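Coordinates from coords_19.tsv are shown below (TSV, C-alpha atoms).
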```
chain	number	residue	atom	x	y	z
A	107	MET	CA	0.11	47.19	4.57
A	108	VAL	CA	1.12	48.08	1.02
A	109	ARG	CA	0.64	51.26	-0.99
A	110	PRO	CA	-0.39	50.98	-4.70
A	111	VAL	CA	2.87	52.57	-5.84
A	112	ILE	CA	5.91	51.37	-7.76
A	113	SER	CA	8.88	53.37	-6.47
A	114	ASP	CA	12.50	53.88	-7.50
A	115	VAL	CA	15.78	54.39	-5.66
A	116	GLU	CA	18.53	56.87	-6.27
A	117	ASP	CA	21.74	54.87	-6.56
A	118	LEU	CA	23.52	51.51	-6.70
A	119	GLU	CA	22.31	50.61	-3.21
A	120	MET	CA	19.51	51.77	-0.96
A	121	SER	CA	20.31	54.65	1.36
A	122	ALA	CA	19.43	54.60	5.04
A	123	ASP	CA	16.71	57.20	4.39
A	124	GLU	CA	15.22	55.11	1.60
A	125	LYS	CA	15.20	52.03	3.80
A	126	ALA	CA	13.44	53.95	6.56
A	127	LEU	CA	10.83	55.30	4.14
A	128	PHE	CA	10.05	51.92	2.58
A	129	LYS	CA	9.81	50.27	5.98
A	130	GLU	CA	7.28	52.88	7.04
A	131	HIS	CA	5.25	52.81	3.82
A	132	LYS	CA	5.74	49.66	1.76
A	133	PRO	CA	5.39	50.21	-1.99
A	134	PHE	CA	3.77	47.48	-4.08
A	135	GLY	CA	7.08	47.15	-5.93
A	136	PHE	CA	10.19	48.86	-7.25
A	137	ILE	CA	11.56	49.95	-10.63
A	138	LEU	CA	15.22	50.14	-11.68
A	139	PHE	CA	17.11	52.42	-14.07
A	140	LYS	CA	20.61	52.53	-15.55
A	141	ARG	CA	21.82	54.49	-12.53
A	142	ASN	CA	20.98	51.43	-10.41
A	143	CYS	CA	22.67	48.81	-12.63
A	144	ASP	CA	26.44	48.41	-12.59
A	145	ASP	CA	27.00	44.67	-12.80
A	146	GLN	CA	25.19	41.48	-11.86
A	147	LYS	CA	26.70	41.14	-8.38
A	148	GLN	CA	25.89	44.74	-7.42
A	149	LEU	CA	22.39	44.56	-8.89
A	150	LYS	CA	21.58	41.30	-7.15
A	151	LYS	CA	22.66	42.90	-3.86
A	152	LEU	CA	20.37	45.88	-4.50
A	153	THR	CA	17.37	43.73	-5.42
A	154	ASN	CA	17.99	41.63	-2.33
A	155	GLN	CA	17.91	44.83	-0.28
A	156	MET	CA	14.54	45.66	-1.84
A	157	ARG	CA	13.14	42.25	-0.93
A	158	ASP	CA	14.51	42.44	2.58
A	159	ILE	CA	13.22	45.94	3.30
A	160	VAL	CA	9.62	44.97	2.49
A	161	ASP	CA	10.05	41.39	3.78
A	162	ASP	CA	8.75	39.87	0.54
A	163	LYS	CA	10.81	37.49	-1.58
A	164	ASP	CA	8.41	37.88	-4.53
A	165	VAL	CA	7.99	41.67	-4.44
A	166	PRO	CA	7.64	42.91	-8.05
A	167	ILE	CA	10.91	44.51	-9.20
A	168	LEU	CA	10.55	46.14	-12.61
A	169	VAL	CA	12.90	47.31	-15.31
A	170	ASP	CA	12.56	48.63	-18.87
A	171	GLN	CA	14.50	46.02	-20.84
A	172	GLU	CA	13.32	45.90	-24.43
A	173	GLY	CA	16.52	45.83	-26.47
A	174	GLY	CA	17.80	48.58	-28.72
A	175	ARG	CA	17.49	52.09	-27.27
A	176	VAL	CA	15.57	51.00	-24.20
A	177	ALA	CA	17.80	48.71	-22.19
A	178	ARG	CA	18.73	49.52	-18.60
A	179	LEU	CA	21.06	46.51	-18.45
A	180	GLY	CA	23.75	46.65	-21.12
A	181	PRO	CA	27.39	46.08	-22.02
A	182	PRO	CA	29.87	45.30	-20.66
A	183	SER	CA	28.03	43.50	-17.87
A	184	TRP	CA	25.11	42.24	-19.97
A	185	LYS	CA	24.57	41.30	-23.61
A	186	LYS	CA	23.16	43.79	-26.09
A	187	TYR	CA	19.94	42.88	-27.91
A	188	PRO	CA	18.34	44.46	-30.98
A	189	ALA	CA	15.36	46.77	-31.10
A	190	ALA	CA	11.95	45.40	-32.08
A	191	GLN	CA	12.21	46.79	-35.60
A	192	THR	CA	14.93	44.24	-36.39
A	193	TYR	CA	12.43	41.43	-35.89
A	194	SER	CA	9.81	43.34	-37.86
A	195	ASP	CA	12.24	43.45	-40.80
A	196	ILE	CA	13.02	39.74	-40.52
A	197	TYR	CA	9.28	39.00	-40.41
A	198	GLU	CA	8.91	40.48	-43.89
A	199	LEU	CA	11.32	37.82	-45.20
A	200	ASN	CA	10.53	34.89	-42.91
A	201	PRO	CA	7.74	35.20	-40.32
A	202	ASP	CA	8.52	31.90	-38.61
A	203	MET	CA	12.18	32.77	-38.20
A	204	ALA	CA	11.29	36.23	-36.85
A	205	ILE	CA	9.00	34.69	-34.25
A	206	ARG	CA	11.69	32.19	-33.26
A	207	ALA	CA	14.23	35.01	-32.93
A	208	VAL	CA	11.89	37.09	-30.74
A	209	LYS	CA	11.30	34.10	-28.48
A	210	ILE	CA	15.05	33.61	-28.04
A	211	HIS	CA	15.54	37.35	-27.46
A	212	ALA	CA	12.87	37.39	-24.74
A	213	MET	CA	14.16	34.24	-23.03
A	214	LEU	CA	17.71	35.58	-22.96
A	215	MET	CA	16.59	38.89	-21.47
A	216	ALA	CA	14.48	37.04	-18.90
A	217	VAL	CA	17.48	34.98	-17.77
A	218	ASP	CA	19.58	38.16	-17.50
A	219	LEU	CA	16.89	39.74	-15.34
A	220	LEU	CA	16.32	36.77	-13.04
A	221	LYS	CA	20.04	36.40	-12.39
A	222	SER	CA	20.01	40.01	-11.24
A	223	GLY	CA	16.95	39.61	-9.05
A	224	ILE	CA	14.45	41.29	-11.42
A	225	ASN	CA	11.13	39.54	-11.99
A	226	VAL	CA	9.05	42.00	-14.07
A	227	ASP	CA	9.90	43.53	-17.45
A	228	CYS	CA	8.17	46.55	-19.02
A	229	TYR	CA	8.11	44.68	-22.34
A	230	PRO	CA	6.84	44.24	-25.03
A	231	VAL	CA	5.72	47.40	-26.86
A	232	LEU	CA	2.40	46.90	-28.70
A	233	ASP	CA	2.28	50.37	-30.25
A	234	ILE	CA	1.92	50.55	-34.05
A	235	LEU	CA	4.55	52.40	-36.08
A	236	PHE	CA	2.94	55.34	-37.91
A	237	ASP	CA	4.48	57.80	-40.36
A	238	GLY	CA	4.78	61.30	-38.94
A	239	ALA	CA	4.73	60.18	-35.32
A	240	ASP	CA	7.34	61.21	-32.78
A	241	LYS	CA	10.35	58.89	-32.70
A	242	VAL	CA	9.87	58.08	-29.00
A	243	ILE	CA	8.32	54.80	-30.19
A	244	GLY	CA	10.06	54.44	-33.56
A	245	ASP	CA	12.18	51.29	-33.74
A	246	ARG	CA	10.70	50.05	-30.46
A	247	SER	CA	7.60	49.04	-32.44
A	248	PHE	CA	7.22	45.56	-33.93
A	249	GLY	CA	5.65	47.00	-37.07
A	250	ARG	CA	3.00	48.89	-38.99
A	251	THR	CA	0.19	46.33	-38.82
A	252	PRO	CA	-1.69	44.87	-35.87
A	253	GLU	CA	-1.19	41.36	-37.23
A	254	LYS	CA	2.60	41.59	-37.18
A	255	ILE	CA	2.66	43.16	-33.72
A	256	ILE	CA	0.32	40.52	-32.32
A	257	ALA	CA	2.50	37.71	-33.68
A	258	LEU	CA	5.85	39.12	-32.55
A	259	ALA	CA	4.93	40.80	-29.27
A	260	GLY	CA	2.75	37.86	-28.28
A	261	ALA	CA	5.64	35.46	-28.90
A	262	GLY	CA	8.02	37.62	-26.85
A	263	ALA	CA	5.64	37.92	-23.91
A	264	GLU	CA	4.88	34.20	-23.80
A	265	ALA	CA	8.57	33.28	-24.02
A	266	MET	CA	9.40	35.66	-21.20
A	267	MET	CA	6.73	34.12	-18.98
A	268	SER	CA	7.97	30.63	-19.80
A	269	VAL	CA	11.28	31.53	-18.17
A	270	GLY	CA	9.66	33.15	-15.13
A	271	VAL	CA	9.50	36.91	-15.75
A	272	THR	CA	6.17	38.78	-15.81
A	273	PRO	CA	5.81	41.06	-18.88
A	274	ILE	CA	4.01	44.41	-19.01
A	275	ILE	CA	2.51	45.29	-22.39
A	276	LYS	CA	2.63	48.98	-23.28
A	277	HIS	CA	1.35	51.61	-23.91
A	278	ILE	CA	-2.34	50.76	-23.68
A	279	PRO	CA	-4.53	51.65	-25.59
A	280	GLY	CA	-1.85	52.80	-28.08
A	281	HIS	CA	0.92	55.40	-28.22
A	282	GLY	CA	1.94	54.92	-31.85
A	283	ARG	CA	0.20	57.97	-33.35
A	284	ALA	CA	1.56	60.46	-30.79
A	285	ASP	CA	3.37	63.30	-32.56
A	286	VAL	CA	5.19	64.49	-29.43
A	287	ASP	CA	7.17	62.64	-26.78
A	288	SER	CA	4.99	62.23	-23.67
A	289	HIS	CA	8.13	62.50	-21.53
A	290	LEU	CA	8.25	66.13	-22.65
A	291	SER	CA	4.71	67.16	-23.57
A	292	LEU	CA	1.12	65.90	-23.80
A	293	PRO	CA	0.29	64.19	-27.12
A	294	ILE	CA	-3.19	64.64	-28.61
A	295	VAL	CA	-4.51	62.10	-31.11
A	296	ASP	CA	-7.57	63.24	-33.09
A	297	THR	CA	-8.20	59.96	-34.93
A	298	LYS	CA	-11.81	58.78	-34.73
A	299	ILE	CA	-12.63	55.97	-32.34
A	300	ASP	CA	-13.76	53.53	-35.05
A	301	GLU	CA	-10.37	53.74	-36.73
A	302	LEU	CA	-8.57	53.45	-33.40
A	303	LYS	CA	-10.49	50.24	-32.68
A	304	GLU	CA	-9.39	48.75	-36.00
A	305	THR	CA	-5.74	49.75	-35.59
A	306	ASP	CA	-4.19	51.08	-32.36
A	307	PHE	CA	-6.42	49.17	-29.93
A	308	SER	CA	-6.31	45.90	-31.88
A	309	PRO	CA	-2.97	44.46	-30.61
A	310	PHE	CA	-3.98	45.11	-27.01
A	311	LYS	CA	-7.38	43.48	-27.54
A	312	SER	CA	-5.82	40.40	-29.13
A	313	LEU	CA	-3.30	40.08	-26.29
A	314	ASN	CA	-5.67	41.12	-23.50
A	315	LYS	CA	-5.07	37.91	-21.53
A	316	LEU	CA	-1.50	38.94	-20.72
A	317	PRO	CA	-1.10	39.80	-17.03
A	318	CYS	CA	-0.04	43.46	-16.94
A	319	ALA	CA	-0.31	46.61	-19.03
A	320	MET	CA	1.03	50.16	-18.82
A	321	THR	CA	-1.01	53.17	-19.90
A	322	ALA	CA	-0.31	55.81	-22.54
A	323	HIS	CA	-0.07	59.46	-21.53
A	324	VAL	CA	-2.04	60.35	-24.68
A	325	ILE	CA	-5.31	62.26	-25.17
A	326	TYR	CA	-7.69	60.57	-27.63
A	327	SER	CA	-9.90	63.56	-28.40
A	328	ASP	CA	-12.75	61.50	-29.85
A	329	ILE	CA	-13.07	59.76	-26.47
A	330	ASP	CA	-11.99	62.30	-23.83
A	331	THR	CA	-11.02	65.81	-24.86
A	332	SER	CA	-9.58	66.80	-21.50
A	333	ASN	CA	-7.70	63.86	-20.00
A	334	CYS	CA	-4.98	61.56	-21.27
A	335	ALA	CA	-5.67	57.84	-21.00
A	336	THR	CA	-3.72	57.50	-17.75
A	337	ILE	CA	-6.05	59.86	-15.86
A	338	SER	CA	-9.23	59.34	-17.89
A	339	LYS	CA	-11.96	57.30	-16.20
A	340	LYS	CA	-13.71	57.16	-19.56
A	341	VAL	CA	-10.74	55.71	-21.44
A	342	ILE	CA	-9.85	53.26	-18.67
A	343	THR	CA	-13.43	52.08	-18.13
A	344	GLU	CA	-14.91	52.15	-21.64
A	345	ILE	CA	-11.83	51.42	-23.75
A	346	ILE	CA	-9.20	49.55	-21.71
A	347	ARG	CA	-11.50	47.53	-19.45
A	348	GLU	CA	-14.55	47.14	-21.74
A	349	GLU	CA	-13.62	47.49	-25.44
A	350	ILE	CA	-10.13	45.98	-25.13
A	351	ASN	CA	-11.38	43.76	-22.28
A	352	PHE	CA	-8.12	43.90	-20.37
A	353	LYS	CA	-8.68	42.52	-16.88
A	354	GLY	CA	-5.10	42.36	-15.58
A	355	VAL	CA	-2.96	44.77	-13.56
A	356	LEU	CA	-3.03	48.28	-14.99
A	357	PHE	CA	0.09	50.34	-14.31
A	358	SER	CA	0.23	54.04	-15.04
A	359	ASP	CA	3.17	55.21	-17.07
A	360	ASP	CA	5.61	57.32	-15.06
A	361	ILE	CA	3.74	60.00	-13.11
A	362	THR	CA	6.73	62.40	-13.33
A	363	MET	CA	6.55	62.69	-17.13
A	364	LYS	CA	5.68	66.16	-18.40
A	365	ALA	CA	2.52	64.96	-20.13
A	366	LEU	CA	1.09	65.14	-16.61
A	367	ASN	CA	1.28	68.62	-15.14
A	368	LYS	CA	0.66	68.26	-11.41
A	369	THR	CA	2.92	67.23	-8.56
A	370	ALA	CA	3.83	63.57	-8.43
A	371	ALA	CA	1.62	63.11	-5.36
A	372	ASP	CA	-1.40	64.68	-7.06
A	373	ASN	CA	-0.71	62.72	-10.24
A	374	ALA	CA	-0.62	59.51	-8.20
A	375	LYS	CA	-4.05	60.27	-6.77
A	376	ASP	CA	-5.39	61.12	-10.24
A	377	VAL	CA	-4.20	57.91	-11.90
A	378	LEU	CA	-5.58	55.74	-9.09
A	379	ASN	CA	-8.89	57.60	-9.05
A	380	ALA	CA	-9.16	57.14	-12.82
A	381	GLY	CA	-8.86	53.37	-12.50
A	382	CYS	CA	-5.19	52.47	-12.70
A	383	ASP	CA	-4.27	49.78	-10.21
A	384	LEU	CA	-0.75	51.06	-9.56
A	385	ALA	CA	1.01	54.41	-9.86
A	386	LEU	CA	4.48	54.18	-11.38
A	387	HIS	CA	6.74	56.79	-9.75
A	388	CYS	CA	10.16	57.21	-11.34
A	389	ASN	CA	13.00	59.71	-10.96
A	390	GLY	CA	11.69	61.36	-7.82
A	391	SER	CA	13.57	62.84	-4.90
A	392	LEU	CA	13.29	61.21	-1.49
A	393	ASN	CA	10.75	63.87	-0.50
A	394	ASP	CA	8.77	63.21	-3.68
A	395	ARG	CA	8.68	59.49	-2.93
A	396	ARG	CA	7.52	60.18	0.59
A	397	ALA	CA	4.81	62.54	-0.67
A	398	VAL	CA	3.52	59.98	-3.18
A	399	LEU	CA	3.46	57.18	-0.65
A	400	ASN	CA	1.74	59.44	1.90
A	401	ALA	CA	-0.84	60.52	-0.69
A	402	THR	CA	-2.02	56.97	-1.38
A	403	ASP	CA	-4.04	54.63	0.80
A	404	ASP	CA	-3.07	51.08	1.69
A	405	LEU	CA	-4.46	48.36	-0.53
A	406	ASN	CA	-6.99	46.18	1.25
A	407	ASP	CA	-6.10	42.51	1.57
A	408	GLU	CA	-8.49	41.37	-1.16
A	409	GLU	CA	-7.23	43.87	-3.72
A	410	TYR	CA	-3.60	43.24	-2.83
A	411	LEU	CA	-4.00	39.49	-3.32
A	412	ARG	CA	-5.90	40.02	-6.58
A	413	LEU	CA	-3.12	42.15	-8.02
A	414	ARG	CA	-0.35	39.87	-6.83
A	415	SER	CA	-2.07	36.86	-8.42
A	416	TYR	CA	-1.09	38.19	-11.87
A	417	PHE	CA	2.65	38.03	-11.15
A	418	ILE	CA	4.76	34.91	-11.53
A	419	LYS	CA	5.75	33.61	-8.10
A	420	ASP	CA	8.90	31.88	-6.91
A	421	ALA	CA	10.68	32.53	-10.20
A	422	SER	CA	13.83	30.44	-10.38
A	423	ILE	CA	16.33	30.44	-13.20
A	424	LYS	CA	15.60	27.55	-15.52
A	425	ALA	CA	18.32	25.37	-17.03
A	426	ILE	CA	18.83	27.39	-20.21
A	427	ASP	CA	22.09	27.39	-22.11
A	428	HIS	CA	22.42	31.16	-22.39
A	429	GLN	CA	25.52	31.08	-24.58
A	430	GLN	CA	24.05	28.56	-26.99
A	431	LEU	CA	20.80	30.49	-27.34
A	432	TYR	CA	22.67	33.75	-27.81
A	433	GLY	CA	24.70	32.08	-30.55
A	434	GLN	CA	21.50	30.95	-32.27
A	435	LEU	CA	20.12	34.49	-32.13
A	436	GLN	CA	23.31	35.90	-33.64
A	437	GLU	CA	23.15	33.35	-36.48
A	438	ILE	CA	19.59	34.45	-37.33
A	439	LEU	CA	20.51	38.14	-37.16
A	440	THR	CA	23.59	37.65	-39.32
A	441	GLU	CA	21.63	35.73	-41.95
A	442	TYR	CA	18.82	38.25	-42.26
A	443	GLN	CA	20.77	41.46	-41.82
A	444	SER	CA	23.35	40.68	-44.52
```
So that I can check it, write out the structure of this file as structure tokens.
Amino acid sequence: MVRPVISDVEDLEMSADEKALFKEHKPFGFILFKRNCDDQKQLKKLTNQMRDIVDDKDVPILVDQEGGRVARLGPPSWKKYPAAQTYSDIYELNPDMAIRAVKIHAMLMAVDLLKSGINVDCYPVLDILFDGADKVIGDRSFGRTPEKIIALAGAGAEAMMSVGVTPIIKHIPGHGRADVDSHLSLPIVDTKIDELKETDFSPFKSLNKLPCAMTAHVIYSDIDTSNCATISKKVITEIIREEINFKGVLFSDDITMKALNKTAADNAKDVLNAGCDLALHCNGSLNDRRAVLNATDDLNDEEYLRLRSYFIKDASIKAIDHQQLYGQLQEILTEYQS
């Protein structure tokens, strides 16, 4: 059976202790970080180990690969791609060209991921860029208006799926107004719900048919004064599932971030009890991973199959001329950045 947890590993290959743990308690999937990614050959070996240890060729293997600041795969082994703000700037001059560039960007990243054995990307960001907010989102945002974000992020997500990688939109229902970094502290947004519906929630509602979403560790005080979205039954039920009408797989953001103040195991129980489908556990020790997996119950067969139905299966690398597409992207960037 499978636990509703996405787990990480410590190094460039799985240790004997990690293999033993994941054989005993199978996580729903895995997530990778820079510490796990040296080059394509090494990474493909590691992702193969992950598939072998849970005996599942389609097990979800995640990474944060957006471009710009957030890119776990980078030079010299992989190409470097711009942050979302670059496409936002191009959109102001030529919306059609910006959308084309985002599609190429997403397809190129998807090919990079598939060649390395990764089939899920924590991309794109749907958070709106607001003045005065913490820079944790910053240039990761596709813009200041829902309309621009919907056009660009929607194009990126669809292009990624066309190649065979499942995208995860983030951070639902909106992290853009947060004035502190949720990795370090708990943001509180006091904006009234009617305004949030018109702005922050709007991109997620427009793109609610996409398969996966990741929560925001943000308190929206007009909705729930005590709990951030990730552990708020009220936000998940009334806002994410009903108002936004998102029916896909709901991932928590990382349960080790300091916006959550309990142990990883207790945080895992809280996010699942609140209505998240999967607890994302990053940067834990082996004992932490064991505690989280022990703290969660196996998914029943029906729920497991429901969740897995949202992920692209049997992803194979399509016949895409990576070098040619990368050249086209560079031509667009050169034209509009000069």
* Asked: Skipping near chain neighbours, those fewer than 5 positions away, what residues fall within 9 Å of range 349-352 of chain A using all atoms listed in the file, listed as a list in words?
  -> Pro279, Lys303, Phe307, Ser308, Phe310, Lys311, Ser312, Leu313, Asn314, Lys315, Leu316, Pro317, Cys318, Ala319, Thr343 and Glu344 of chain A
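Between Ser291 in chain A and the candidates A:Ala259, A:Ala365, A:Met266, A:Val398, the tightest atom-to-atom separation, counting all atoms listed in the file, involves A:Ala365.
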* Give me the residues within 12 Å of Lys375 in chain A as a ChimeraX atom specification, counting only C-alpha atoms and dropping any in the same chain fewer than 5 places off. => /A:109-111,336-337,358,361,368-370,380-387,397-403
* Asked: Which of these, A:Val271, A:Leu356, A:Ile234, A:Ile112, has the shortest distance to Leu302 in chain A once you count all atoms listed in the file?
  ->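 Nearest candidate to Leu302 in chain A out of A:Val271, A:Leu356, A:Ile234, A:Ile112: A:Ile234.
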* Could you name the residues that touch Arg250 in chain A at 8 Å or less, counting all atoms listed in the file, but leaving out those on the same chain fewer than 4 positions away, as a ChimeraX atom specification? -> /A:234-236,254-255
* Nearby residues (all atoms listed in the file) at most 9 Å from Gly249 in chain A, same-chain spacing under 2 positions excluded, as a ChimeraX atom specification -> /A:190-191,193-195,232-236,245-247,251-255
Per-residue nearest contacts of range 131-187 of chain A to range 404-424 of chain A (12 Å; all atoms listed in the file) as a Markdown table:
```
| residue | atom | partner | partner_atom | distance |
| --- | --- | --- | --- | --- |
| A:His131 | CA | A:Asp404 | CA | 8.8 |
| A:Lys132 | CA | A:Asp404 | CA | 8.9 |
| A:Pro133 | CA | A:Asp404 | CA | 9.3 |
| A:Phe134 | CA | A:Tyr410 | CA | 8.6 |
| A:Gly135 | CA | A:Arg414 | CA | 10.4 |
| A:Asp162 | CA | A:Asp420 | CA | 10.9 |
| A:Lys163 | CA | A:Asp420 | CA | 8.0 |
| A:Asp164 | CA | A:Lys419 | CA | 6.2 |
| A:Val165 | CA | A:Arg414 | CA | 8.9 |
| A:Pro166 | CA | A:Phe417 | CA | 7.6 |
| A:Ile167 | CA | A:Phe417 | CA | 10.7 |
| A:Leu168 | CA | A:Phe417 | CA | 11.4 |
```
* To do: Go ahead and compute the interatomic distance for CA of Pro293 in chain A and CA of Val341 in chain A, in Å to one decimal.
  =>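 A separation of 15.0 Å between them.
Across the structure, CA of Gln436 in chain A and CA of Cys228 in chain A are spaced 23.6 Å apart.
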* For the point (-1.1, 53.1, -18.5) in the file's frame, write as a PyMOL selection string all residues with an atom no more than 6 Å away, counting all atoms listed in the file. => chain A and resi 278+320-322+336+357-359
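With only C-alpha atoms as the atoms that count, the minimum distance from Arg141 in chain A to the choices A:Asp114, A:Asp161, A:Asp300, A:Asp202 is reached by A:Asp114.
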* What is the CA of His277 in chain A-CA of Cys143 in chain A distance in Å, reported with one decimal? ->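 Rounded to one decimal, the two atoms are 24.3 Å apart.
When only C-alpha atoms are used to measure the gap to Leu290 in chain A, the shortest distance among A:Glu264, A:Glu348, A:Asp360, A:Glu130 belongs to A:Asp360.
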* Asked: Between A:Leu138, A:Ala425, A:Leu152, A:Ile274, which is the closest to Arg178 in chain A once you count all atoms listed in the file?
  ->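 Between A:Leu138, A:Ala425, A:Leu152, A:Ile274, the residue approaching Arg178 in chain A most closely is A:Leu138.
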* Pick from A:Val115, A:Val231, A:Ile346, A:Ala263: nearest to Leu392 in chain A, with all atoms listed in the file counted? -> A:Val115
* Determine, counting all atoms listed in the file, which protein, DNA and RNA residues have an atom within 10 Å of an atom of Gly180 in chain A; residues of the same chain fewer than 5 positions away are not included. Present the result as a ChimeraX atom specification. => /A:140,143-145,171,173-174,185-187
